[in-house]
Amino acid sequence: MNSSKTCAYAVALVLSAAASHAWAEAADKADTLEEVIITAQKRAQNLQDVPLSVTAIGAEQLEVRGIESLSGLNGVAPNVLFRANPGAKLISTVGIRGSVTGQPAIWVDPAVGLYLNGIYLGKSQGAVFDVVDIQRVEVLRGPQGTLFGRNTEGGAINFITRAPSGELGGKASVEFGEYGRSVARLMVDLPKMGIASASIGVRKEKQDGWVRNLSGPDMGAIDSEAARIAVDFDVSDALKIGYSFDYSKQDNTPTPSTLFAVSGWGGTFPSVFGGFVGGGIQRAALPYVTTKRPSTVSTNGGPIWERGKSSAHSLTVDYQLSENQSLKYIFADRKMSYSDSQDIDGMPLNSIALTPTFNWGMSAYYNRYTDYQQRSHELQWNGSAGDFKWVAGLYHFTDDGETNGAQLFTLFGQGPQRSNYAVDTTAKAAFAQADYTIDRWTLTAGIRTTKEDRGGWTHRYNTAGFGGARTTDILPFTSYDDSFSGTTPMASISLKMNEDTNIYLRVAKGFKSGGFSAELAIPAVATTPYQPQTSLSKELGIKTTFLGGRARLNAAFFHNNVKNLQITQLIPATTQSYLTNAGEAVYKGFEAEAQLVIADGWRVQASYGYLSTDFRKYLDNSFRPGRPIIDTASNRLAAYAPRNTVNLNLDGRLFQTKLGAIRLIADYTFTSAMNLYTVNKTLAAPNAGGSYVVGTDSVPSTRMLNARLILSDVAVGDATADFFVAVRNVTDESRQLQGIDFSMFRNATWQEPRMFSAGVTYKF
């Protein structure tokens, strides 16, 4: 047995013994679960009364589980997946119930809506940033097209920050750990000054790379900072105004990428190059191939980095029209810049001679610079009249962004190139949703109509050297534009069987916008839009509380029929991919979440998600040119759709000492094996489609156990302090998380190693 496993099992034995002792002393003193208030339907409601699958994680649980950004949400709710994009820690790949977008470029919109205080975050690039002073996170599963709008076909994730209290107080924390890790946090509430209440929060994190780079900076290093200022103005009893400013900056090195195999969907190097077996590429590549998490890598010596910066201003105006009616206006302006420079082939080689007279290479090196800005306005009218409640509103959203990138991918003799493109959007929407309660029944209906104009341009050309001056056009400057629209109704009926049990049936339509594949070098494809993706989701659920308020169980079955499915496919005889409407698919499954207070100071939470996918139609052509479009549905498996997701969380008070309580928090997640692309079951099938195949383009199941010991509520004068020791990845799991299939070789990224840290939080 290896040392890491032995260490993990020893820790587990000690903790379980301590837990048994503490539990025996506290078994008859159990408290009850607290009420959870959420705003998933644009107004404050008890979680158990909302006819919708929602997971809400409060501030304390976020803190003790170390969740401070989108990257910490993998598996914490059923059928919720997070992966950083291959090699790019700041670009998100987020999936809910199988709805996911793996493309990282700004011409693609995500399938899961990401929000900060209800304000939409438009792109996957730059979506992974630290959020300061989080009050809770709400994860809404299933289409949210009525109240949240476009691009929420899979669901929505809303980070909600804490409002200023108007009283002097706050907390400060420091944390130190392995790989030179240091984190400092400070959140302060200022005393109310006239009509104004304000709070300030800052966060700074540094960490060395966890993989040594033999020919450049170590990989996986972090240098980030974040800040937030919030000011609330109580202008009058009827008028409240809130302003906030959020800032985040990261200067990291990319996540380590390694050469995983010298083969891919297109075959191996020798077979691709006419049966050549003699030299160069195989012999040179083999020393760099690794099928496990590396301790060292070697890049090609060029500069590598990953940097992101975002800032956002938001303004909220609440006006109470009457006792039962209010208007709310929300304005937001967000700017984001992102850049990276990466060597993603996992080797230090720039070119490899295959014949004495002709050089082919394996260099896969690129950089990109993105500037993006978005602005939104939303007006909400909330009201109630007896058993009738409603929300209605108008929404306006604009964005524009530009990406300029240099690339060198010499595998097919491609010299230095630039791929530049821009996107812009104007979207308008009107929405309304109403509830009507009759005795124990509540009927809900809503509708949203959206119209948007999308455009942009593309320019691709050869350069004199990497990042040099333009020489010849591959695709001359080409512009495009089109309009898309959609209507997304929803309806639900719920029955409150008693004070503790609520069952519901919900039907909702989702809408994911159309657009253009802006990175392509083929004019006919780059200027041909892919159409909106739509879905019809049915959900049957139950929410119940029992054991005198000590236990809670929420469960749901869902069935989601997706049409005009947007899928990334390869253009025949090229390595270029584009987004197209491939057909129809069904995503169905089951979800359950449970919480139990097992004794005084002890509670356990568990969740399970099951997901089954089935393609009903999948039109594709082969990667071999000249083959007609065929239906490959029966030979297809979905991307980023793990069959099982599990989360177990234990929070318990081990001992009560004179100094304070000693708590144990253990958090375990499991995610089944999954495919990185929409793969073929076999390329030998009569209806095999283009490129990717199961196994070759799959990653194994992953497990993650995190643990934390806390000495809490230690008196320090008039304040208190919490001291903690944390272990991330207790069992030192090292599975592959991501990868890219480049046709004749594949790379991989990996789970980070086990990391210990310790710190203190001072609350005043």
# chains A, B, ... in the order shown; residues from 1 in each chain; ligands from 1
call {"tool": "select_by_dssp", "arguments": {"residues": "range 401-608 of chain A", "states": "strand (DSSP E or B)", "output": "MDAnalysis selection string"}}
result
chainID A and resid 401:409 417:438 441:463 470:487 490:498 501:512 515 530 533:546 551:570 577:599 602:608
call {"tool": "residues_around", "arguments": {"residues": "Thr645 in chain A", "least_positions_apart": "6", "cutoff": "7 Å", "atoms": "only C-alpha atoms", "output": "VMD selection string"}}
result
chain A and resid 75 78 to 79 608 to 610 670 to 672
call {"tool": "atom_distance", "arguments": {"atom1": "CA of Tyr395 in chain A", "atom2": "CA of Leu114 in chain A"}}
result
16.4 Å
call {"tool": "residues_around", "arguments": {"residues": "Gly308 in chain A", "least_positions_apart": "4", "cutoff": "9 Å", "atoms": "only C-alpha atoms", "output": "VMD selection string"}}
result
chain A and resid 90 125 to 126 129 248 to 252 336 to 340
call {"tool": "residues_around", "arguments": {"residues": "Arg616 in chain A", "least_positions_apart": "4", "cutoff": "12 Å", "atoms": "only C-alpha atoms", "output": "list in words"}}
result
Asn561, Val562, Lys563, Asn564, Leu565, Ala582, Gly583, Glu584, Ala585, Val586, Tyr587, Asp631, Thr632, Ala633, Ser634, Asn635, Arg636, Leu637 and Ala638 of chain A
call {"tool": "write_last_selection", "arguments": {"atoms": "N, CA and C atoms", "output": "PDB file, in the first residue's frame"}}
result
ATOM      1  N   ASN A 561     -36.080  16.980 -23.354  1.00  0.00           N
ATOM      2  CA  ASN A 561     -35.979  16.698 -24.788  1.00  0.00           C
ATOM      3  C   ASN A 561     -35.379  17.918 -25.478  1.00  0.00           C
ATOM      4  N   VAL A 562     -34.188  17.750 -26.063  1.00  0.00           N
ATOM      5  CA  VAL A 562     -33.456  18.854 -26.672  1.00  0.00           C
ATOM      6  C   VAL A 562     -33.537  18.733 -28.189  1.00  0.00           C
ATOM      7  N   LYS A 563     -33.925  19.824 -28.844  1.00  0.00           N
ATOM      8  CA  LYS A 563     -34.000  19.847 -30.303  1.00  0.00           C
ATOM      9  C   LYS A 563     -33.054  20.901 -30.859  1.00  0.00           C
ATOM     10  N   ASN A 564     -32.723  20.728 -32.146  1.00  0.00           N
ATOM     11  CA  ASN A 564     -31.733  21.607 -32.792  1.00  0.00           C
ATOM     12  C   ASN A 564     -30.434  21.605 -31.994  1.00  0.00           C
ATOM     13  N   LEU A 565     -30.037  20.427 -31.570  1.00  0.00           N
ATOM     14  CA  LEU A 565     -28.898  20.245 -30.677  1.00  0.00           C
ATOM     15  C   LEU A 565     -27.641  20.885 -31.261  1.00  0.00           C
ATOM     16  N   ALA A 582     -27.094  19.499 -34.828  1.00  0.00           N
ATOM     17  CA  ALA A 582     -26.937  18.112 -35.263  1.00  0.00           C
ATOM     18  C   ALA A 582     -28.213  17.297 -35.184  1.00  0.00           C
ATOM     19  N   GLY A 583     -29.149  17.655 -34.288  1.00  0.00           N
ATOM     20  CA  GLY A 583     -30.325  16.805 -34.218  1.00  0.00           C
ATOM     21  C   GLY A 583     -31.084  16.929 -32.924  1.00  0.00           C
ATOM     22  N   GLU A 584     -31.372  15.772 -32.290  1.00  0.00           N
ATOM     23  CA  GLU A 584     -32.262  15.726 -31.128  1.00  0.00           C
ATOM     24  C   GLU A 584     -31.727  14.714 -30.122  1.00  0.00           C
ATOM     25  N   ALA A 585     -31.884  15.055 -28.833  1.00  0.00           N
ATOM     26  CA  ALA A 585     -31.421  14.164 -27.777  1.00  0.00           C
ATOM     27  C   ALA A 585     -32.357  14.243 -26.582  1.00  0.00           C
ATOM     28  N   VAL A 586     -32.352  13.185 -25.771  1.00  0.00           N
ATOM     29  CA  VAL A 586     -33.130  13.137 -24.536  1.00  0.00           C
ATOM     30  C   VAL A 586     -32.170  12.925 -23.372  1.00  0.00           C
ATOM     31  N   TYR A 587     -32.271  13.812 -22.372  1.00  0.00           N
ATOM     32  CA  TYR A 587     -31.508  13.692 -21.130  1.00  0.00           C
ATOM     33  C   TYR A 587     -32.526  13.461 -20.010  1.00  0.00           C
ATOM     34  N   ASP A 631     -27.308   9.794 -40.425  1.00  0.00           N
ATOM     35  CA  ASP A 631     -27.790   9.827 -39.048  1.00  0.00           C
ATOM     36  C   ASP A 631     -26.960   8.847 -38.224  1.00  0.00           C
ATOM     37  N   THR A 632     -26.169   9.374 -37.288  1.00  0.00           N
ATOM     38  CA  THR A 632     -25.270   8.536 -36.483  1.00  0.00           C
ATOM     39  C   THR A 632     -25.784   8.353 -35.060  1.00  0.00           C
ATOM     40  N   ALA A 633     -27.052   8.656 -34.802  1.00  0.00           N
ATOM     41  CA  ALA A 633     -27.578   8.708 -33.436  1.00  0.00           C
ATOM     42  C   ALA A 633     -27.356   7.414 -32.655  1.00  0.00           C
ATOM     43  N   SER A 634     -27.614   6.268 -33.273  1.00  0.00           N
ATOM     44  CA  SER A 634     -27.515   5.000 -32.543  1.00  0.00           C
ATOM     45  C   SER A 634     -26.081   4.645 -32.179  1.00  0.00           C
ATOM     46  N   ASN A 635     -25.114   5.365 -32.746  1.00  0.00           N
ATOM     47  CA  ASN A 635     -23.707   5.079 -32.482  1.00  0.00           C
ATOM     48  C   ASN A 635     -23.051   6.182 -31.650  1.00  0.00           C
ATOM     49  N   ARG A 636     -23.863   7.006 -30.969  1.00  0.00           N
ATOM     50  CA  ARG A 636     -23.331   8.173 -30.273  1.00  0.00           C
ATOM     51  C   ARG A 636     -23.516   8.106 -28.758  1.00  0.00           C
ATOM     52  N   LEU A 637     -22.551   8.692 -28.049  1.00  0.00           N
ATOM     53  CA  LEU A 637     -22.624   8.900 -26.606  1.00  0.00           C
ATOM     54  C   LEU A 637     -22.324  10.363 -26.317  1.00  0.00           C
ATOM     55  N   ALA A 638     -22.959  10.910 -25.290  1.00  0.00           N
ATOM     56  CA  ALA A 638     -22.897  12.344 -25.031  1.00  0.00           C
ATOM     57  C   ALA A 638     -21.593  12.748 -24.352  1.00  0.00           C
TER      58      ALA A 638
END
call {"tool": "residues_around", "arguments": {"residues": "Arg65 in chain A", "least_positions_apart": "3", "cutoff": "8 Å", "atoms": "only C-alpha atoms", "output": "PyMOL selection string"}}
result
chain A and resi 61-62+665+667+706
call {"tool": "closest_residue", "arguments": {"among": "A:Asn420, A:Thr32, A:Thr255, A:Ser376", "to": "Val597 in chain A", "atoms": "only C-alpha atoms"}}
result
A:Thr32
call {"tool": "residues_around", "arguments": {"residues": "Asp435 in chain A", "least_positions_apart": "5", "cutoff": "10 Å", "atoms": "only C-alpha atoms", "output": "list in words"}}
result
Ser384, Asp387, Phe388, Lys389, Trp390, Val391, Thr442, Leu443, Thr444, Ala445, Gly446, Ala491, Ser492 and Ile493 of chain A
call {"tool": "write_last_selection", "arguments": {"atoms": "C-alpha atoms", "output": "PDB file, in the first residue's frame"}}
result
ATOM      1  CA  SER A 384     -49.371  40.197  -4.520  1.00  0.00           C
ATOM      2  CA  ASP A 387     -53.491  34.350  -2.956  1.00  0.00           C
ATOM      3  CA  PHE A 388     -52.234  35.795  -6.249  1.00  0.00           C
ATOM      4  CA  LYS A 389     -48.514  36.704  -6.590  1.00  0.00           C
ATOM      5  CA  TRP A 390     -46.641  37.871  -9.650  1.00  0.00           C
ATOM      6  CA  VAL A 391     -43.397  39.166 -11.095  1.00  0.00           C
ATOM      7  CA  THR A 442     -50.435  26.346  -6.062  1.00  0.00           C
ATOM      8  CA  LEU A 443     -50.583  26.923  -9.798  1.00  0.00           C
ATOM      9  CA  THR A 444     -47.674  28.718 -11.463  1.00  0.00           C
ATOM     10  CA  ALA A 445     -47.372  29.911 -15.048  1.00  0.00           C
ATOM     11  CA  GLY A 446     -44.849  32.093 -16.776  1.00  0.00           C
ATOM     12  CA  ALA A 491     -46.041  25.912 -15.881  1.00  0.00           C
ATOM     13  CA  SER A 492     -46.101  24.033 -12.611  1.00  0.00           C
ATOM     14  CA  ILE A 493     -48.593  22.690 -10.121  1.00  0.00           C
TER      15      ILE A 493
END
call {"tool": "residues_around", "arguments": {"residues": "Gln656 in chain A", "least_positions_apart": "6", "cutoff": "10 Å", "atoms": "only C-alpha atoms", "output": "PDB file with N, CA and C atoms, in the first residue's frame"}}
result
ATOM      1  N   ALA A  22     -17.726  11.338  20.254  1.00  0.00           N
ATOM      2  CA  ALA A  22     -18.530  12.557  20.371  1.00  0.00           C
ATOM      3  C   ALA A  22     -20.005  12.284  20.136  1.00  0.00           C
ATOM      4  N   ILE A 662     -14.279  21.723  18.936  1.00  0.00           N
ATOM      5  CA  ILE A 662     -13.466  21.139  17.871  1.00  0.00           C
ATOM      6  C   ILE A 662     -14.413  20.459  16.895  1.00  0.00           C
ATOM      7  N   ARG A 663     -14.441  20.949  15.668  1.00  0.00           N
ATOM      8  CA  ARG A 663     -15.350  20.443  14.632  1.00  0.00           C
ATOM      9  C   ARG A 663     -14.568  19.722  13.540  1.00  0.00           C
ATOM     10  N   LEU A 711     -10.980  24.486  15.419  1.00  0.00           N
ATOM     11  CA  LEU A 711     -11.199  24.879  16.810  1.00  0.00           C
ATOM     12  C   LEU A 711     -11.934  26.202  16.744  1.00  0.00           C
ATOM     13  N   SER A 712     -13.232  26.177  17.038  1.00  0.00           N
ATOM     14  CA  SER A 712     -14.080  27.326  16.746  1.00  0.00           C
ATOM     15  C   SER A 712     -14.459  28.100  17.997  1.00  0.00           C
TER      16      SER A 712
END
call {"tool": "closest_residue", "arguments": {"among": "A:Asp31, A:Asp345, A:Glu153, A:Glu167", "to": "Phe742 in chain A", "atoms": "only C-alpha atoms"}}
result
A:Asp345
call {"tool": "select_by_dssp", "arguments": {"residues": "range 206-280 of chain A", "states": "alpha helix (DSSP H)", "output": "number ranges by chain"}}
result
A: 269-272, 280
call {"tool": "closest_residue", "arguments": {"among": "A:Arg418, A:Arg708, A:Arg83, A:Lys42", "to": "Gln736 in chain A", "atoms": "only C-alpha atoms"}}
result
A:Arg83
call {"tool": "atom_distance", "arguments": {"atom1": "CA of Ala430 in chain A", "atom2": "CA of Arg43 in chain A"}}
result
17.6 Å
call {"tool": "closest_residue", "arguments": {"among": "A:Asn747, A:Gln373, A:Thr613, A:Thr39", "to": "Tyr288 in chain A", "atoms": "only C-alpha atoms"}}
result
A:Asn747
call {"tool": "atom_distance", "arguments": {"atom1": "CA of Arg653 in chain A", "atom2": "CA of Leu709 in chain A"}}
result
9.7 Å
